[in-house]
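Peer 1: One structure, pasted below without further comment.
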Amino acid sequence: MPKPLRLVSWNVNGVRAVHKKGFAEWLKKDAPDVLCLQETKAQLDQLTPQVHAPEGYQTQWHWGERKGYCGVSTFSKETPLCVDRGLGNPLFDGEGRVLITRFEDFTLFNVYFPNGQSRADRLKFKLDFYEDFLKVLERYRARGEDKLIICGDVNTAHTELDLARPKENQKTSGFLPEERGWIDKLLAAGFIDSFREFEKGGGHYSYWDQISGARARNVGWRIDYFFLSKNLRARLKGAFIQPAVMGSDHCPIGIELAR
């Protein structure tokens, strides 16, 4: 029986910063088949070969126009059949938030979804991005790519189980009804939350505020996800969060798929 395919997603809050905190050693030890990074905050001329092209991996990058902001990267042991950068919408693609890699048996969306922050214009940007992303998924399905995996920092906790203090955050971006409702729409469109296929309880988070020392107290948010189209459910063998892995204000999350 071949080992399952291991896919990992991690908002590293700066790939150069996390590299100084042991990223290369972690990558060698964890050895995922596919690794999706968000908030890389770097362009090619800012990266050393060790960061840009680690041994054993093909790497794809999408960075924004503004240096030190956003950015996503996908590392894979297998060479993708095709790579798309962005959603095809100039309004969003200048920030470098989306990498789409097609493999033989699935298409993978590595996405750093916008943060609604505390400003109305950025919340609108986030919600517009959400809606445009749903349309892009339908475009891929319409052309026959219906085995879809979405991973990344969604910047929204779906239910009260997905953050430590739901009552205090009812009016905070990241837990607003319209943000949470979008995840409901995504699930209704034929996707599953991989982690919830195995774990129904609370207390499992992927992000903690650094300033308040929330990680030590596990006062966190589960805002990083792997969503799979339902036709991949039978291949899903496991889903996990790795809170013990340090280096960012987020921790890695992942899934295992039967080959």
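Chain identifiers are assigned as A, B, and so on, following the order in which chains appear in the structure tokens; residues are numbered from 1 within each chain, and ligands are numbered from 1 in order of appearance.
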Might you pull out every residue within 8 Å of segment 28-39 of chain A, with only C-alpha atoms counted and same-chain residues fewer than 5 positions away left off, and present them as a ChimeraX atom specification?

Peer 2: /A:5-15,69-78,97,110-112,151-153

Peer 1: From a DSSP pass on the backbone, collect the residues of segment 58-233 of chain A flagged as alpha helix (DSSP H) and hand them back as an NGL selection string.

Peer 2: :A and (90-93 or 120-142 or 177-188 or 214-217)

Peer 1: Output C-alpha atoms for every residue in the selection just made, as a CSV table (one decimal), in the first residue's frame.

Peer 2:
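As written to disk, out-v6.csv reads:
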```csv
chain,number,residue,atom,x,y,z
A,90,PRO,CA,-6.8,42.9,-12.1
A,91,LEU,CA,-8.6,44.3,-9.0
A,92,PHE,CA,-7.2,41.4,-6.9
A,93,ASP,CA,-4.2,40.0,-8.8
A,120,ALA,CA,-15.1,49.2,5.5
A,121,ASP,CA,-13.2,49.4,2.1
A,122,ARG,CA,-11.0,46.4,3.0
A,123,LEU,CA,-14.0,44.4,4.2
A,124,LYS,CA,-15.7,45.1,0.9
A,125,PHE,CA,-12.5,44.0,-0.9
A,126,LYS,CA,-12.5,40.8,1.0
A,127,LEU,CA,-16.2,40.0,0.4
A,128,ASP,CA,-15.8,40.9,-3.3
A,129,PHE,CA,-12.7,38.6,-3.5
A,130,TYR,CA,-14.8,35.8,-1.9
A,131,GLU,CA,-17.5,36.1,-4.5
A,132,ASP,CA,-15.1,36.3,-7.4
A,133,PHE,CA,-13.4,33.2,-6.2
A,134,LEU,CA,-16.6,31.2,-6.3
A,135,LYS,CA,-17.1,32.2,-9.9
A,136,VAL,CA,-13.5,31.1,-10.7
A,137,LEU,CA,-14.2,27.7,-9.1
A,138,GLU,CA,-17.3,27.3,-11.4
A,139,ARG,CA,-15.2,28.2,-14.4
A,140,TYR,CA,-12.8,25.5,-13.7
A,141,ARG,CA,-15.6,23.0,-13.1
A,142,ALA,CA,-17.2,24.1,-16.4
A,177,PRO,CA,-22.0,36.9,9.7
A,178,GLU,CA,-21.4,37.8,6.1
A,179,GLU,CA,-17.9,36.3,6.2
A,180,ARG,CA,-19.0,33.1,7.9
A,181,GLY,CA,-21.9,32.9,5.5
A,182,TRP,CA,-19.5,32.7,2.6
A,183,ILE,CA,-18.0,29.5,4.0
A,184,ASP,CA,-21.6,28.2,4.2
A,185,LYS,CA,-21.9,29.0,0.5
A,186,LEU,CA,-18.7,27.3,-0.4
A,187,LEU,CA,-19.8,24.1,1.4
A,188,ALA,CA,-23.2,24.3,-0.3
A,214,ALA,CA,-2.3,34.1,23.0
A,215,ARG,CA,-0.6,31.0,21.7
A,216,ALA,CA,0.7,29.9,25.1
A,217,ARG,CA,-2.9,30.1,26.4
```

Peer 1: Between A:Ser248, A:Ala258, A:His62, A:Asp162, single out the one closest to Arg16 of chain A, counting only C-alpha atoms.

Peer 2: A:Ser248

Peer 1: Which residues are close to Gly64 of chain A, i.e. within 6 Å by only C-alpha atoms, leaving aside same-chain residues fewer than 3 positions away? Reply as an MDAnalysis selection string.

Peer 2: chainID A and resid 71 94:96

Peer 1: Write the residues of the preceding selection, restricted to N, CA and C atoms, as a compact mmCIF listing (two decimals), in the first residue's frame.

Peer 2:
```txt
# COMPACT_ATOMS: atom_id res chain seq x y z
N GLY A 71 1.64 37.56 -1.17
CA GLY A 71 2.45 36.57 -1.85
C GLY A 71 2.13 35.14 -1.43
N GLY A 94 -3.11 42.08 -8.43
CA GLY A 94 -1.94 42.89 -8.12
C GLY A 94 -1.39 42.65 -6.73
N GLU A 95 -2.16 41.96 -5.88
CA GLU A 95 -1.71 41.68 -4.51
C GLU A 95 -1.04 40.31 -4.38
N GLY A 96 -1.09 39.50 -5.43
CA GLY A 96 -0.38 38.22 -5.40
C GLY A 96 -0.95 37.24 -4.40
```

Peer 1: Taking only C-alpha atoms into account, which of A:Val83, A:Cys251, A:Ala234, A:Ala17 comes nearest Val51 of chain A?

Peer 2: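 Closest residue, counting only C-alpha atoms: A:Ala17.
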
Peer 1: Work out how far atom CA of Asp224 of chain A is from atom CA of His204 of chain A, in Å to one decimal.

Peer 2: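 Those two atoms sit 11.0 Å apart.
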
Peer 1: From the list A:Phe103, A:Tyr57, A:Tyr205, A:Phe109, which residue is nearest Arg165 of chain A when using only C-alpha atoms?

Peer 2: A:Tyr205

Peer 1: Per DSSP on the backbone, what are the strand (DSSP E or B) residues of segment 82-136 of chain A, as a VMD selection string?

Peer 2: chain A and resid 82 to 85 98 to 102 107 to 112

Peer 1: Could those selected residues go to a file with N, CA and C atoms, as an mmCIF file, in the first residue's frame?

Peer 2:
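Final output, saved to out.cif:
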```cif
data_model
loop_
_atom_site.group_PDB
_atom_site.id
_atom_site.type_symbol
_atom_site.label_atom_id
_atom_site.label_comp_id
_atom_site.auth_asym_id
_atom_site.auth_seq_id
_atom_site.Cartn_x
_atom_site.Cartn_y
_atom_site.Cartn_z
ATOM 1 N N CYS A 82 0.197 22.331 -15.109
ATOM 2 C CA CYS A 82 -0.148 23.689 -15.514
ATOM 3 C C CYS A 82 -0.179 24.570 -14.267
ATOM 4 N N VAL A 83 0.182 25.836 -14.428
ATOM 5 C CA VAL A 83 0.163 26.783 -13.312
ATOM 6 C C VAL A 83 -0.538 28.061 -13.754
ATOM 7 N N ASP A 84 -1.520 28.496 -12.975
ATOM 8 C CA ASP A 84 -2.194 29.779 -13.205
ATOM 9 C C ASP A 84 -1.932 30.680 -12.011
ATOM 10 N N ARG A 85 -1.664 31.940 -12.286
ATOM 11 C CA ARG A 85 -1.411 32.908 -11.226
ATOM 12 C C ARG A 85 -2.533 33.931 -11.198
ATOM 13 N N VAL A 98 -3.101 34.321 -5.219
ATOM 14 C CA VAL A 98 -3.620 33.035 -5.694
ATOM 15 C C VAL A 98 -2.633 32.334 -6.615
ATOM 16 N N LEU A 99 -2.379 31.055 -6.333
ATOM 17 C CA LEU A 99 -1.628 30.166 -7.211
ATOM 18 C C LEU A 99 -2.476 28.924 -7.452
ATOM 19 N N ILE A 100 -2.649 28.559 -8.700
ATOM 20 C CA ILE A 100 -3.463 27.396 -9.051
ATOM 21 C C ILE A 100 -2.577 26.415 -9.806
ATOM 22 N N THR A 101 -2.389 25.234 -9.247
ATOM 23 C CA THR A 101 -1.547 24.219 -9.873
ATOM 24 C C THR A 101 -2.389 22.994 -10.200
ATOM 25 N N ARG A 102 -2.265 22.555 -11.440
ATOM 26 C CA ARG A 102 -3.018 21.370 -11.863
ATOM 27 C C ARG A 102 -2.083 20.172 -11.870
ATOM 28 N N THR A 107 -6.855 19.610 -9.038
ATOM 29 C CA THR A 107 -6.385 20.982 -9.228
ATOM 30 C C THR A 107 -6.356 21.650 -7.866
ATOM 31 N N LEU A 108 -5.236 22.280 -7.545
ATOM 32 C CA LEU A 108 -5.004 22.823 -6.206
ATOM 33 C C LEU A 108 -4.983 24.353 -6.242
ATOM 34 N N PHE A 109 -5.823 24.959 -5.405
ATOM 35 C CA PHE A 109 -5.873 26.414 -5.243
ATOM 36 C C PHE A 109 -5.184 26.784 -3.936
ATOM 37 N N ASN A 110 -4.071 27.477 -4.038
ATOM 38 C CA ASN A 110 -3.343 27.982 -2.878
ATOM 39 C C ASN A 110 -3.683 29.467 -2.766
ATOM 40 N N VAL A 111 -4.401 29.838 -1.694
ATOM 41 C CA VAL A 111 -4.981 31.183 -1.640
ATOM 42 C C VAL A 111 -4.711 31.862 -0.296
ATOM 43 N N TYR A 112 -4.263 33.103 -0.387
ATOM 44 C CA TYR A 112 -4.190 33.971 0.782
ATOM 45 C C TYR A 112 -5.345 34.964 0.662
#
```

Peer 1: Can you pull out the residues contacting Lys230 of chain A? Cut-off 7 Å, using only C-alpha atoms, and skip same-chain residues under 3 positions away; I want them as a list in words.

Peer 2: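 After dropping sequence-adjacent residues, the list is Gly190, Phe191, Ile192 and Arg233 of chain A.
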
Peer 1: Export N, CA and C atoms of the chosen residues as a tab-separated table (two decimals), in the first residue's frame?

Peer 2:
```tsv
chain	number	residue	atom	x	y	z
A	190	GLY	N	-20.64	22.29	-2.86
A	190	GLY	CA	-20.10	20.95	-3.09
A	190	GLY	C	-18.72	20.70	-2.53
A	191	PHE	N	-18.36	21.43	-1.46
A	191	PHE	CA	-17.06	21.25	-0.84
A	191	PHE	C	-17.21	20.78	0.61
A	192	ILE	N	-16.16	20.18	1.13
A	192	ILE	CA	-16.14	19.74	2.52
A	192	ILE	C	-14.95	20.39	3.23
A	233	ARG	N	-13.73	13.08	-1.44
A	233	ARG	CA	-13.93	12.66	-0.04
A	233	ARG	C	-13.43	11.23	0.21
```

Peer 1: Out of A:Phe195, A:Tyr207, A:Tyr225, A:Trp63, which residue has the shortest atom-to-atom distance to Ala239 of chain A when counting only C-alpha atoms?

Peer 2: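 Among the listed residues, the smallest separation from Ala239 of chain A belongs to A:Phe195.
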
Peer 1: Using only C-alpha atoms for the distances, tell me which of A:Asp105, A:Asp193, A:Glu25, A:Glu160 is nearest to Val245 of chain A.

Peer 2: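 Using only C-alpha atoms, the shortest distance to Val245 of chain A belongs to A:Glu25.
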